[in-house]
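Asks: Supplied in structure tokens, the structure appears directly below.
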Amino acid sequence: MTAPGEAARRKPARRPTIKDIARRAGVSESAVSFALNDRPGVSQETRARVRRVAEELGWQANSAARALSGERAGALGLVLARPAQTLGVESFFLQLVSGIQEVLSARQIALLFQVVEDLGTECALYRRWWAERRVDGVLVVDPRTEDPRPELLAALGLPAVVVGGPATPGPDPSEPAAGPAAAPAHPLLSTVWADDAKAMARVLDHLYGLGHRRIVHIAGLPGLAHTARRIRSLRTEADRRGLDHRQVHSVTTDYSDAEGAEATRRLLDAERPPTAIVYDNDVMAVAGSSVAAERGIPVPGALSIVAWDDSALCRVTHPRLTALVRDTPGFGRLAAQELLAVLDGGPLRTVQSELPHLEARESTASPSPR
């Protein structure tokens, strides 16, 4: 009988080596190497015996050694430079990663995921991964309006796909000429993107059609490319309808429920509060709905609410929240497939995901007369 605590004191089991396989199979170590790496120099019978013994011993190739020999590391990287407190409550990245993982697991490729404090730390991590050959390529999320990462990754020669839009100023990817798959928006990297401008136009069409003229967009982090596109689209749509920018505008936050709630309080305390608020994620939309309830402001009677990304939160809140619906796991699958295509020798290009559609629910209605 094992004494208490004895298992915890045991040394970890030693990993089997090529020498172990050679001893068990009765062949030389070089023969094992030839057999496991599918190289000529051994008979089919020996190759089969070596592989059978390797499987019995639970042998796995050392990824670092394989990388040093010029083989792939068998892993892709994903770094997220965002406030850590915003990740536990936002479902977008969990759904995105689930789609990425679905594609990678089918190819037996690992996902190396890390959260860092800022963009500088993210860039330093890319340099370390490249030097150590830890990953074969990376998925770059949250592209910035001014972004050092594409130039860095191109200089390192580390394959990458930008997820969410072009990382540096350049041709607007929403131009019709781009098509669903065209030349890359950034000349150094492939890009998969969603048309935030058209999505915002759909939201404005809905609210304007209901009669709203005081509409505020509570956006996410400033400096992100998609935040800039949404803000720009809101202004364009306001101008097209002759709306006052003082009544139709955007404010930025860190995506958290706390900042979403605080921004909502400031807006509702204004002399002429908005009749509709568009939130850049589901968490802030639910927080805003709670603030309205605290103030005794009926939704949608006195305030209409729209969430940018749909989730279970939007569907279980009372009233249920009108939201932009998109296939976020599908977006992750598209990004992973594009990076694997690049690694397999495919061309750099820009690929557009499906346009989100607006699901109108009980949180939006015509504004009450004032």
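Chain labels A, B, ... are given in the sequence in which chains occur in the structure tokens; within each chain residues are numbered consecutively from 1, and ligands are likewise numbered from 1 in the order shown.
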As a PDB file with N, CA, C and O atoms, in the first residue's frame, please: every residue in region 304-359 of chain A that a backbone DSSP assignment puts in alpha helix (DSSP H).

Replies:
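As a result, result_1.pdb now contains:
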```pdb
ATOM      1  N   ALA A 312     -25.230  34.339 -25.279  1.00  0.00           N
ATOM      2  CA  ALA A 312     -26.290  33.873 -24.384  1.00  0.00           C
ATOM      3  C   ALA A 312     -26.733  34.983 -23.442  1.00  0.00           C
ATOM      4  O   ALA A 312     -27.916  35.069 -23.074  1.00  0.00           O
ATOM      5  N   LEU A 313     -25.801  35.864 -23.040  1.00  0.00           N
ATOM      6  CA  LEU A 313     -26.164  36.985 -22.171  1.00  0.00           C
ATOM      7  C   LEU A 313     -27.252  37.841 -22.806  1.00  0.00           C
ATOM      8  O   LEU A 313     -28.203  38.260 -22.136  1.00  0.00           O
ATOM      9  N   CYS A 314     -27.108  38.117 -24.097  1.00  0.00           N
ATOM     10  CA  CYS A 314     -28.089  38.959 -24.782  1.00  0.00           C
ATOM     11  C   CYS A 314     -29.457  38.287 -24.846  1.00  0.00           C
ATOM     12  O   CYS A 314     -30.491  38.968 -24.824  1.00  0.00           O
ATOM     13  N   ARG A 315     -29.457  36.973 -24.893  1.00  0.00           N
ATOM     14  CA  ARG A 315     -30.714  36.241 -25.071  1.00  0.00           C
ATOM     15  C   ARG A 315     -31.425  35.930 -23.770  1.00  0.00           C
ATOM     16  O   ARG A 315     -32.627  35.639 -23.773  1.00  0.00           O
ATOM     17  N   VAL A 316     -30.722  35.975 -22.622  1.00  0.00           N
ATOM     18  CA  VAL A 316     -31.370  35.677 -21.347  1.00  0.00           C
ATOM     19  C   VAL A 316     -31.675  36.942 -20.544  1.00  0.00           C
ATOM     20  O   VAL A 316     -32.407  36.890 -19.555  1.00  0.00           O
ATOM     21  N   THR A 328     -18.720  33.591 -34.762  1.00  0.00           N
ATOM     22  CA  THR A 328     -17.376  33.854 -34.256  1.00  0.00           C
ATOM     23  C   THR A 328     -16.485  32.612 -34.299  1.00  0.00           C
ATOM     24  O   THR A 328     -15.320  32.710 -34.693  1.00  0.00           O
ATOM     25  N   PRO A 329     -16.957  31.416 -33.917  1.00  0.00           N
ATOM     26  CA  PRO A 329     -16.108  30.235 -34.116  1.00  0.00           C
ATOM     27  C   PRO A 329     -15.720  30.043 -35.583  1.00  0.00           C
ATOM     28  O   PRO A 329     -14.590  29.643 -35.888  1.00  0.00           O
ATOM     29  N   GLY A 330     -16.650  30.361 -36.488  1.00  0.00           N
ATOM     30  CA  GLY A 330     -16.342  30.275 -37.918  1.00  0.00           C
ATOM     31  C   GLY A 330     -15.254  31.249 -38.323  1.00  0.00           C
ATOM     32  O   GLY A 330     -14.434  30.960 -39.206  1.00  0.00           O
ATOM     33  N   PHE A 331     -15.242  32.429 -37.697  1.00  0.00           N
ATOM     34  CA  PHE A 331     -14.202  33.419 -37.935  1.00  0.00           C
ATOM     35  C   PHE A 331     -12.846  32.856 -37.501  1.00  0.00           C
ATOM     36  O   PHE A 331     -11.830  33.009 -38.197  1.00  0.00           O
ATOM     37  N   GLY A 332     -12.829  32.173 -36.349  1.00  0.00           N
ATOM     38  CA  GLY A 332     -11.602  31.544 -35.880  1.00  0.00           C
ATOM     39  C   GLY A 332     -11.149  30.429 -36.807  1.00  0.00           C
ATOM     40  O   GLY A 332      -9.944  30.286 -37.085  1.00  0.00           O
ATOM     41  N   ARG A 333     -12.103  29.630 -37.300  1.00  0.00           N
ATOM     42  CA  ARG A 333     -11.745  28.560 -38.238  1.00  0.00           C
ATOM     43  C   ARG A 333     -11.134  29.135 -39.510  1.00  0.00           C
ATOM     44  O   ARG A 333     -10.130  28.613 -40.028  1.00  0.00           O
ATOM     45  N   LEU A 334     -11.729  30.215 -40.001  1.00  0.00           N
ATOM     46  CA  LEU A 334     -11.223  30.862 -41.217  1.00  0.00           C
ATOM     47  C   LEU A 334      -9.794  31.351 -41.020  1.00  0.00           C
ATOM     48  O   LEU A 334      -8.932  31.170 -41.888  1.00  0.00           O
ATOM     49  N   ALA A 335      -9.519  31.963 -39.869  1.00  0.00           N
ATOM     50  CA  ALA A 335      -8.180  32.478 -39.586  1.00  0.00           C
ATOM     51  C   ALA A 335      -7.158  31.345 -39.531  1.00  0.00           C
ATOM     52  O   ALA A 335      -6.065  31.434 -40.111  1.00  0.00           O
ATOM     53  N   ALA A 336      -7.499  30.260 -38.833  1.00  0.00           N
ATOM     54  CA  ALA A 336      -6.578  29.123 -38.719  1.00  0.00           C
ATOM     55  C   ALA A 336      -6.336  28.482 -40.073  1.00  0.00           C
ATOM     56  O   ALA A 336      -5.192  28.133 -40.415  1.00  0.00           O
ATOM     57  N   GLN A 337      -7.384  28.323 -40.865  1.00  0.00           N
ATOM     58  CA  GLN A 337      -7.239  27.730 -42.193  1.00  0.00           C
ATOM     59  C   GLN A 337      -6.338  28.583 -43.072  1.00  0.00           C
ATOM     60  O   GLN A 337      -5.510  28.050 -43.844  1.00  0.00           O
ATOM     61  N   GLU A 338      -6.471  29.901 -42.972  1.00  0.00           N
ATOM     62  CA  GLU A 338      -5.647  30.784 -43.797  1.00  0.00           C
ATOM     63  C   GLU A 338      -4.178  30.700 -43.402  1.00  0.00           C
ATOM     64  O   GLU A 338      -3.297  30.686 -44.266  1.00  0.00           O
ATOM     65  N   LEU A 339      -3.899  30.627 -42.101  1.00  0.00           N
ATOM     66  CA  LEU A 339      -2.503  30.523 -41.670  1.00  0.00           C
ATOM     67  C   LEU A 339      -1.905  29.180 -42.101  1.00  0.00           C
ATOM     68  O   LEU A 339      -0.748  29.117 -42.546  1.00  0.00           O
ATOM     69  N   LEU A 340      -2.674  28.108 -41.988  1.00  0.00           N
ATOM     70  CA  LEU A 340      -2.175  26.811 -42.439  1.00  0.00           C
ATOM     71  C   LEU A 340      -1.921  26.823 -43.944  1.00  0.00           C
ATOM     72  O   LEU A 340      -0.955  26.206 -44.427  1.00  0.00           O
ATOM     73  N   ALA A 341      -2.767  27.529 -44.689  1.00  0.00           N
ATOM     74  CA  ALA A 341      -2.567  27.632 -46.136  1.00  0.00           C
ATOM     75  C   ALA A 341      -1.270  28.368 -46.451  1.00  0.00           C
ATOM     76  O   ALA A 341      -0.530  27.990 -47.366  1.00  0.00           O
ATOM     77  N   VAL A 342      -0.985  29.430 -45.689  1.00  0.00           N
ATOM     78  CA  VAL A 342       0.276  30.159 -45.867  1.00  0.00           C
ATOM     79  C   VAL A 342       1.462  29.247 -45.566  1.00  0.00           C
ATOM     80  O   VAL A 342       2.459  29.216 -46.304  1.00  0.00           O
ATOM     81  N   LEU A 343       1.377  28.485 -44.482  1.00  0.00           N
ATOM     82  CA  LEU A 343       2.461  27.573 -44.122  1.00  0.00           C
ATOM     83  C   LEU A 343       2.659  26.480 -45.169  1.00  0.00           C
ATOM     84  O   LEU A 343       3.774  25.980 -45.341  1.00  0.00           O
TER      85      LEU A 343
END
```

Asks: Just the number, please: distance in Å from CA of Ala360 (chain A) to CA of His206 (chain A), one decimal.

Replies: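 These atoms are spaced 8.5 Å apart.
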
Asks: Neighbours of Ile218 (chain A) within 8 Å (only C-alpha atoms; same-chain residues fewer than 2 positions away dropped), as a PyMOL selection string?

Replies: chain A and resi 216+220+250-253+260+263+277-280

Asks: Keeping all heavy atoms for every residue in the selection just given, could you write it to a file as a PDB file, in the first residue's frame?

Replies:
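What landed in selection-v5.pdb:
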```pdb
ATOM      1  N   VAL A 216     -25.646  57.049 -29.338  1.00  0.00           N
ATOM      2  CA  VAL A 216     -24.248  57.036 -28.887  1.00  0.00           C
ATOM      3  C   VAL A 216     -23.696  55.617 -28.980  1.00  0.00           C
ATOM      4  O   VAL A 216     -24.375  54.645 -28.642  1.00  0.00           O
ATOM      5  CB  VAL A 216     -24.116  57.582 -27.450  1.00  0.00           C
ATOM      6  CG1 VAL A 216     -22.657  57.475 -26.979  1.00  0.00           C
ATOM      7  CG2 VAL A 216     -24.562  59.046 -27.392  1.00  0.00           C
ATOM      8  N   GLY A 220     -14.971  50.137 -27.814  1.00  0.00           N
ATOM      9  CA  GLY A 220     -13.948  49.453 -27.051  1.00  0.00           C
ATOM     10  C   GLY A 220     -12.677  50.267 -26.961  1.00  0.00           C
ATOM     11  O   GLY A 220     -12.714  51.504 -26.903  1.00  0.00           O
ATOM     12  N   SER A 250     -19.251  58.671 -30.573  1.00  0.00           N
ATOM     13  CA  SER A 250     -18.698  57.491 -29.906  1.00  0.00           C
ATOM     14  C   SER A 250     -17.884  57.897 -28.688  1.00  0.00           C
ATOM     15  O   SER A 250     -17.293  58.978 -28.654  1.00  0.00           O
ATOM     16  CB  SER A 250     -17.788  56.699 -30.864  1.00  0.00           C
ATOM     17  OG  SER A 250     -18.477  56.275 -32.014  1.00  0.00           O
ATOM     18  N   VAL A 251     -17.852  57.014 -27.681  1.00  0.00           N
ATOM     19  CA  VAL A 251     -16.943  57.163 -26.542  1.00  0.00           C
ATOM     20  C   VAL A 251     -16.215  55.831 -26.387  1.00  0.00           C
ATOM     21  O   VAL A 251     -16.788  54.773 -26.643  1.00  0.00           O
ATOM     22  CB  VAL A 251     -17.691  57.535 -25.247  1.00  0.00           C
ATOM     23  CG1 VAL A 251     -18.340  58.895 -25.361  1.00  0.00           C
ATOM     24  CG2 VAL A 251     -18.738  56.482 -24.888  1.00  0.00           C
ATOM     25  N   THR A 252     -14.951  55.867 -25.997  1.00  0.00           N
ATOM     26  CA  THR A 252     -14.157  54.637 -25.903  1.00  0.00           C
ATOM     27  C   THR A 252     -14.052  54.149 -24.460  1.00  0.00           C
ATOM     28  O   THR A 252     -14.118  54.943 -23.513  1.00  0.00           O
ATOM     29  CB  THR A 252     -12.747  54.837 -26.485  1.00  0.00           C
ATOM     30  OG1 THR A 252     -12.097  55.913 -25.803  1.00  0.00           O
ATOM     31  CG2 THR A 252     -12.826  55.148 -27.972  1.00  0.00           C
ATOM     32  N   THR A 253     -13.857  52.827 -24.314  1.00  0.00           N
ATOM     33  CA  THR A 253     -13.724  52.178 -23.002  1.00  0.00           C
ATOM     34  C   THR A 253     -12.696  51.054 -23.131  1.00  0.00           C
ATOM     35  O   THR A 253     -12.091  50.861 -24.196  1.00  0.00           O
ATOM     36  CB  THR A 253     -15.061  51.573 -22.540  1.00  0.00           C
ATOM     37  OG1 THR A 253     -15.378  50.459 -23.401  1.00  0.00           O
ATOM     38  CG2 THR A 253     -16.192  52.583 -22.594  1.00  0.00           C
ATOM     39  N   GLY A 260     -18.222  50.128 -19.152  1.00  0.00           N
ATOM     40  CA  GLY A 260     -19.471  50.252 -19.908  1.00  0.00           C
ATOM     41  C   GLY A 260     -20.575  50.856 -19.066  1.00  0.00           C
ATOM     42  O   GLY A 260     -21.334  51.720 -19.522  1.00  0.00           O
ATOM     43  N   ALA A 263     -19.749  54.662 -18.394  1.00  0.00           N
ATOM     44  CA  ALA A 263     -20.037  55.476 -19.575  1.00  0.00           C
ATOM     45  C   ALA A 263     -21.547  55.677 -19.734  1.00  0.00           C
ATOM     46  O   ALA A 263     -22.005  56.767 -20.100  1.00  0.00           O
ATOM     47  CB  ALA A 263     -19.454  54.821 -20.816  1.00  0.00           C
ATOM     48  N   ILE A 277     -28.347  53.462 -27.430  1.00  0.00           N
ATOM     49  CA  ILE A 277     -26.911  53.251 -27.200  1.00  0.00           C
ATOM     50  C   ILE A 277     -26.506  51.946 -27.858  1.00  0.00           C
ATOM     51  O   ILE A 277     -27.168  50.910 -27.687  1.00  0.00           O
ATOM     52  CB  ILE A 277     -26.567  53.200 -25.700  1.00  0.00           C
ATOM     53  CG1 ILE A 277     -26.968  54.510 -25.007  1.00  0.00           C
ATOM     54  CG2 ILE A 277     -25.063  52.968 -25.513  1.00  0.00           C
ATOM     55  CD1 ILE A 277     -26.692  54.518 -23.505  1.00  0.00           C
ATOM     56  N   VAL A 278     -25.407  51.995 -28.604  1.00  0.00           N
ATOM     57  CA  VAL A 278     -24.817  50.821 -29.244  1.00  0.00           C
ATOM     58  C   VAL A 278     -23.545  50.476 -28.481  1.00  0.00           C
ATOM     59  O   VAL A 278     -22.641  51.303 -28.368  1.00  0.00           O
ATOM     60  CB  VAL A 278     -24.477  51.102 -30.724  1.00  0.00           C
ATOM     61  CG1 VAL A 278     -23.902  49.847 -31.380  1.00  0.00           C
ATOM     62  CG2 VAL A 278     -25.699  51.608 -31.471  1.00  0.00           C
ATOM     63  N   TYR A 279     -23.463  49.259 -27.956  1.00  0.00           N
ATOM     64  CA  TYR A 279     -22.306  48.818 -27.163  1.00  0.00           C
ATOM     65  C   TYR A 279     -21.429  47.885 -27.993  1.00  0.00           C
ATOM     66  O   TYR A 279     -21.945  47.027 -28.722  1.00  0.00           O
ATOM     67  CB  TYR A 279     -22.769  48.098 -25.902  1.00  0.00           C
ATOM     68  CG  TYR A 279     -23.516  48.972 -24.921  1.00  0.00           C
ATOM     69  CD1 TYR A 279     -24.894  49.147 -25.041  1.00  0.00           C
ATOM     70  CD2 TYR A 279     -22.848  49.610 -23.878  1.00  0.00           C
ATOM     71  CE1 TYR A 279     -25.592  49.944 -24.136  1.00  0.00           C
ATOM     72  CE2 TYR A 279     -23.537  50.397 -22.972  1.00  0.00           C
ATOM     73  CZ  TYR A 279     -24.904  50.568 -23.103  1.00  0.00           C
ATOM     74  OH  TYR A 279     -25.597  51.361 -22.208  1.00  0.00           O
ATOM     75  N   ASP A 280     -20.112  48.009 -27.826  1.00  0.00           N
ATOM     76  CA  ASP A 280     -19.191  47.228 -28.645  1.00  0.00           C
ATOM     77  C   ASP A 280     -19.047  45.775 -28.215  1.00  0.00           C
ATOM     78  O   ASP A 280     -18.338  45.024 -28.881  1.00  0.00           O
ATOM     79  CB  ASP A 280     -17.804  47.890 -28.665  1.00  0.00           C
ATOM     80  CG  ASP A 280     -17.528  48.564 -30.005  1.00  0.00           C
ATOM     81  OD1 ASP A 280     -18.428  48.591 -30.862  1.00  0.00           O
ATOM     82  OD2 ASP A 280     -16.403  49.075 -30.189  1.00  0.00           O
TER      83      ASP A 280
END
```

Asks: Can you tell me which residues surround region 225-237 of chain A at a distance of at most 8 Å, considering only C-alpha atoms, apart from same-chain residues fewer than 5 positions away, and format the answer as a list in words?

Replies: Asp142, Pro143, Arg144, Thr145, Gly164, Gly165, Pro166, Ala167, Asp196, Ala197, Lys198, Met200, Ala201, Leu204, His217, Ala219, Gly220, His245, Val248, His249 and Ser250 of chain A

Asks: Where in region 191-315 of chain A does DSSP assign strand (DSSP E or B), given as a ChimeraX atom specification?

Replies: /A:191-193,215-218,224,248-251,276-279,304-307

Asks: Take the residues from that selection and write them out as a PDB file, in the first residue's frame, keeping N, CA and C atoms.

Replies:
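Now in result.pdb:
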```
ATOM      1  N   THR A 191      -4.630  38.502 -44.336  1.00  0.00           N
ATOM      2  CA  THR A 191      -5.609  39.105 -43.424  1.00  0.00           C
ATOM      3  C   THR A 191      -6.954  38.419 -43.575  1.00  0.00           C
ATOM      4  N   VAL A 192      -7.616  38.134 -42.454  1.00  0.00           N
ATOM      5  CA  VAL A 192      -9.034  37.778 -42.474  1.00  0.00           C
ATOM      6  C   VAL A 192      -9.763  38.876 -41.707  1.00  0.00           C
ATOM      7  N   TRP A 193     -10.874  39.322 -42.240  1.00  0.00           N
ATOM      8  CA  TRP A 193     -11.505  40.501 -41.656  1.00  0.00           C
ATOM      9  C   TRP A 193     -13.024  40.429 -41.769  1.00  0.00           C
ATOM     10  N   ILE A 215     -28.038  59.039 -30.832  1.00  0.00           N
ATOM     11  CA  ILE A 215     -27.493  57.678 -30.779  1.00  0.00           C
ATOM     12  C   ILE A 215     -26.021  57.759 -30.380  1.00  0.00           C
ATOM     13  N   VAL A 216     -25.646  57.049 -29.338  1.00  0.00           N
ATOM     14  CA  VAL A 216     -24.248  57.036 -28.887  1.00  0.00           C
ATOM     15  C   VAL A 216     -23.696  55.617 -28.980  1.00  0.00           C
ATOM     16  N   HIS A 217     -22.479  55.559 -29.430  1.00  0.00           N
ATOM     17  CA  HIS A 217     -21.757  54.290 -29.566  1.00  0.00           C
ATOM     18  C   HIS A 217     -20.732  54.203 -28.445  1.00  0.00           C
ATOM     19  N   ILE A 218     -20.904  53.263 -27.516  1.00  0.00           N
ATOM     20  CA  ILE A 218     -19.914  53.023 -26.469  1.00  0.00           C
ATOM     21  C   ILE A 218     -18.948  51.976 -27.008  1.00  0.00           C
ATOM     22  N   LEU A 224      -7.447  50.522 -31.556  1.00  0.00           N
ATOM     23  CA  LEU A 224      -7.676  49.292 -32.313  1.00  0.00           C
ATOM     24  C   LEU A 224      -8.263  49.648 -33.678  1.00  0.00           C
ATOM     25  N   VAL A 248     -24.889  62.260 -32.145  1.00  0.00           N
ATOM     26  CA  VAL A 248     -24.518  60.934 -32.633  1.00  0.00           C
ATOM     27  C   VAL A 248     -22.994  60.863 -32.622  1.00  0.00           C
ATOM     28  N   HIS A 249     -22.438  60.141 -31.664  1.00  0.00           N
ATOM     29  CA  HIS A 249     -20.983  60.107 -31.503  1.00  0.00           C
ATOM     30  C   HIS A 249     -20.569  58.842 -30.760  1.00  0.00           C
ATOM     31  N   SER A 250     -19.251  58.671 -30.573  1.00  0.00           N
ATOM     32  CA  SER A 250     -18.698  57.491 -29.906  1.00  0.00           C
ATOM     33  C   SER A 250     -17.884  57.897 -28.688  1.00  0.00           C
ATOM     34  N   VAL A 251     -17.852  57.014 -27.681  1.00  0.00           N
ATOM     35  CA  VAL A 251     -16.943  57.163 -26.542  1.00  0.00           C
ATOM     36  C   VAL A 251     -16.215  55.831 -26.387  1.00  0.00           C
ATOM     37  N   ALA A 276     -30.812  55.993 -27.813  1.00  0.00           N
ATOM     38  CA  ALA A 276     -30.318  54.662 -28.174  1.00  0.00           C
ATOM     39  C   ALA A 276     -28.813  54.605 -27.936  1.00  0.00           C
ATOM     40  N   ILE A 277     -28.347  53.462 -27.430  1.00  0.00           N
ATOM     41  CA  ILE A 277     -26.911  53.251 -27.200  1.00  0.00           C
ATOM     42  C   ILE A 277     -26.506  51.946 -27.858  1.00  0.00           C
ATOM     43  N   VAL A 278     -25.407  51.995 -28.604  1.00  0.00           N
ATOM     44  CA  VAL A 278     -24.817  50.821 -29.244  1.00  0.00           C
ATOM     45  C   VAL A 278     -23.545  50.476 -28.481  1.00  0.00           C
ATOM     46  N   TYR A 279     -23.463  49.259 -27.956  1.00  0.00           N
ATOM     47  CA  TYR A 279     -22.306  48.818 -27.163  1.00  0.00           C
ATOM     48  C   TYR A 279     -21.429  47.885 -27.993  1.00  0.00           C
ATOM     49  N   SER A 304     -33.225  52.576 -26.117  1.00  0.00           N
ATOM     50  CA  SER A 304     -32.992  51.362 -26.896  1.00  0.00           C
ATOM     51  C   SER A 304     -31.528  50.950 -26.774  1.00  0.00           C
ATOM     52  N   ILE A 305     -31.280  49.645 -26.738  1.00  0.00           N
ATOM     53  CA  ILE A 305     -29.931  49.121 -26.547  1.00  0.00           C
ATOM     54  C   ILE A 305     -29.622  48.085 -27.625  1.00  0.00           C
ATOM     55  N   VAL A 306     -28.409  48.202 -28.199  1.00  0.00           N
ATOM     56  CA  VAL A 306     -27.921  47.239 -29.192  1.00  0.00           C
ATOM     57  C   VAL A 306     -26.552  46.744 -28.739  1.00  0.00           C
ATOM     58  N   ALA A 307     -26.340  45.436 -28.796  1.00  0.00           N
ATOM     59  CA  ALA A 307     -25.030  44.836 -28.505  1.00  0.00           C
ATOM     60  C   ALA A 307     -24.353  44.475 -29.813  1.00  0.00           C
TER      61      ALA A 307
END
```

Asks: Which of these residues is nearest to Arg82 (chain A), using only C-alpha atoms: A:Pro222, A:Ser30, A:Asp282, A:Leu153?

Replies: A:Pro222

Asks: Would you kindly return, as a tab-separated table (two decimals) with N, CA and C atoms, in the first residue's frame, each protein, DNA or RNA residue with an atom no farther than 10 Å from any atom of region 102-117 of chain A, considering only C-alpha atoms and excluding same-chain residues fewer than 3 positions away?

Replies:
```tsv
chain	number	residue	atom	x	y	z
A	73	ALA	N	7.61	23.07	-35.89
A	73	ALA	CA	7.45	22.93	-34.45
A	73	ALA	C	6.14	22.25	-34.09
A	74	GLY	N	5.18	22.28	-35.01
A	74	GLY	CA	3.88	21.66	-34.73
A	74	GLY	C	3.01	22.49	-33.82
A	75	ALA	N	3.24	23.81	-33.81
A	75	ALA	CA	2.44	24.71	-32.96
A	75	ALA	C	2.29	26.06	-33.63
A	76	LEU	N	1.15	26.71	-33.39
A	76	LEU	CA	0.91	28.08	-33.81
A	76	LEU	C	0.74	28.94	-32.57
A	77	GLY	N	1.05	30.22	-32.68
A	77	GLY	CA	0.98	31.12	-31.53
A	77	GLY	C	-0.15	32.12	-31.63
A	78	LEU	N	-0.68	32.50	-30.47
A	78	LEU	CA	-1.70	33.54	-30.36
A	78	LEU	C	-1.42	34.33	-29.10
A	79	VAL	N	-1.16	35.62	-29.26
A	79	VAL	CA	-0.86	36.49	-28.13
A	79	VAL	C	-1.95	37.54	-28.02
A	80	LEU	N	-2.40	37.78	-26.80
A	80	LEU	CA	-3.45	38.76	-26.57
A	80	LEU	C	-2.94	39.82	-25.61
A	81	ALA	N	-2.83	41.06	-26.11
A	81	ALA	CA	-2.38	42.18	-25.28
A	81	ALA	C	-3.60	43.03	-24.92
A	82	ARG	N	-4.26	42.63	-23.86
A	82	ARG	CA	-5.47	43.33	-23.39
A	82	ARG	C	-5.48	43.30	-21.87
A	83	PRO	N	-6.23	44.22	-21.25
A	83	PRO	CA	-6.35	44.14	-19.78
A	83	PRO	C	-6.89	42.78	-19.37
A	84	ALA	N	-6.20	42.12	-18.46
A	84	ALA	CA	-6.57	40.76	-18.07
A	84	ALA	C	-7.99	40.70	-17.50
A	87	LEU	N	-10.99	39.74	-19.87
A	87	LEU	CA	-11.04	38.48	-20.60
A	87	LEU	C	-12.02	37.49	-19.99
A	97	VAL	N	-11.21	31.28	-30.17
A	97	VAL	CA	-10.21	30.23	-29.92
A	97	VAL	C	-10.81	28.85	-30.16
A	98	SER	N	-12.08	28.67	-29.84
A	98	SER	CA	-12.70	27.36	-30.07
A	98	SER	C	-12.70	27.02	-31.56
A	99	GLY	N	-12.96	28.03	-32.40
A	99	GLY	CA	-12.92	27.80	-33.84
A	99	GLY	C	-11.52	27.52	-34.34
A	120	GLY	N	4.42	46.10	-26.62
A	120	GLY	CA	5.86	45.92	-26.55
A	120	GLY	C	6.23	44.53	-26.07
A	121	THR	N	5.52	44.06	-25.05
A	121	THR	CA	5.76	42.71	-24.53
A	121	THR	C	5.37	41.67	-25.56
A	122	GLU	N	4.31	41.93	-26.30
A	122	GLU	CA	3.90	41.00	-27.36
A	122	GLU	C	4.99	40.87	-28.42
A	125	LEU	N	7.83	38.84	-27.21
A	125	LEU	CA	7.50	37.42	-27.19
A	125	LEU	C	7.64	36.80	-28.57
A	134	ARG	N	9.71	28.11	-31.45
A	134	ARG	CA	8.61	27.52	-30.67
A	134	ARG	C	7.35	27.33	-31.51
A	135	VAL	N	7.15	28.20	-32.51
A	135	VAL	CA	5.92	28.16	-33.30
A	135	VAL	C	6.28	28.24	-34.79
A	136	ASP	N	5.37	27.73	-35.61
A	136	ASP	CA	5.55	27.81	-37.06
A	136	ASP	C	4.96	29.09	-37.63
A	138	VAL	N	1.99	32.67	-36.45
A	138	VAL	CA	1.17	33.29	-35.40
A	138	VAL	C	-0.08	33.91	-36.00
A	139	LEU	N	-1.12	33.96	-35.19
A	139	LEU	CA	-2.36	34.67	-35.49
A	139	LEU	C	-2.31	35.99	-34.73
A	329	PRO	N	-16.96	31.42	-33.92
A	329	PRO	CA	-16.11	30.24	-34.12
A	329	PRO	C	-15.72	30.04	-35.58
A	330	GLY	N	-16.65	30.36	-36.49
A	330	GLY	CA	-16.34	30.28	-37.92
A	330	GLY	C	-15.25	31.25	-38.32
A	332	GLY	N	-12.83	32.17	-36.35
A	332	GLY	CA	-11.60	31.54	-35.88
A	332	GLY	C	-11.15	30.43	-36.81
A	333	ARG	N	-12.10	29.63	-37.30
A	333	ARG	CA	-11.74	28.56	-38.24
A	333	ARG	C	-11.13	29.13	-39.51
A	334	LEU	N	-11.73	30.21	-40.00
A	334	LEU	CA	-11.22	30.86	-41.22
A	334	LEU	C	-9.79	31.35	-41.02
A	335	ALA	N	-9.52	31.96	-39.87
A	335	ALA	CA	-8.18	32.48	-39.59
A	335	ALA	C	-7.16	31.35	-39.53
A	336	ALA	N	-7.50	30.26	-38.83
A	336	ALA	CA	-6.58	29.12	-38.72
A	336	ALA	C	-6.34	28.48	-40.07
A	337	GLN	N	-7.38	28.32	-40.86
A	337	GLN	CA	-7.24	27.73	-42.19
A	337	GLN	C	-6.34	28.58	-43.07
A	340	LEU	N	-2.67	28.11	-41.99
A	340	LEU	CA	-2.18	26.81	-42.44
A	340	LEU	C	-1.92	26.82	-43.94
```

Asks: When you look at region 256-258 of chain A with a cut-off of 7 Å (counting only C-alpha atoms), what residues show up, excluding the ones that are within fewer than 2 positions of it in the same chain? I need them as a PyMOL selection string.

Replies: chain A and resi 86+254+260-262+283-284+287

Asks: One decimal, in Å: what's the spacing between CA of Leu324 (chain A) and CA of Val351 (chain A)?

Replies: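 It comes out at 20.3 Å.
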
Asks: Could you tell me how far CA of Thr275 (chain A) sits from CA of His212 (chain A), in Å to one decimal place?

Replies: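 About the pair CA of His212 (chain A) and CA of Thr275 (chain A): they are 6.4 Å apart.
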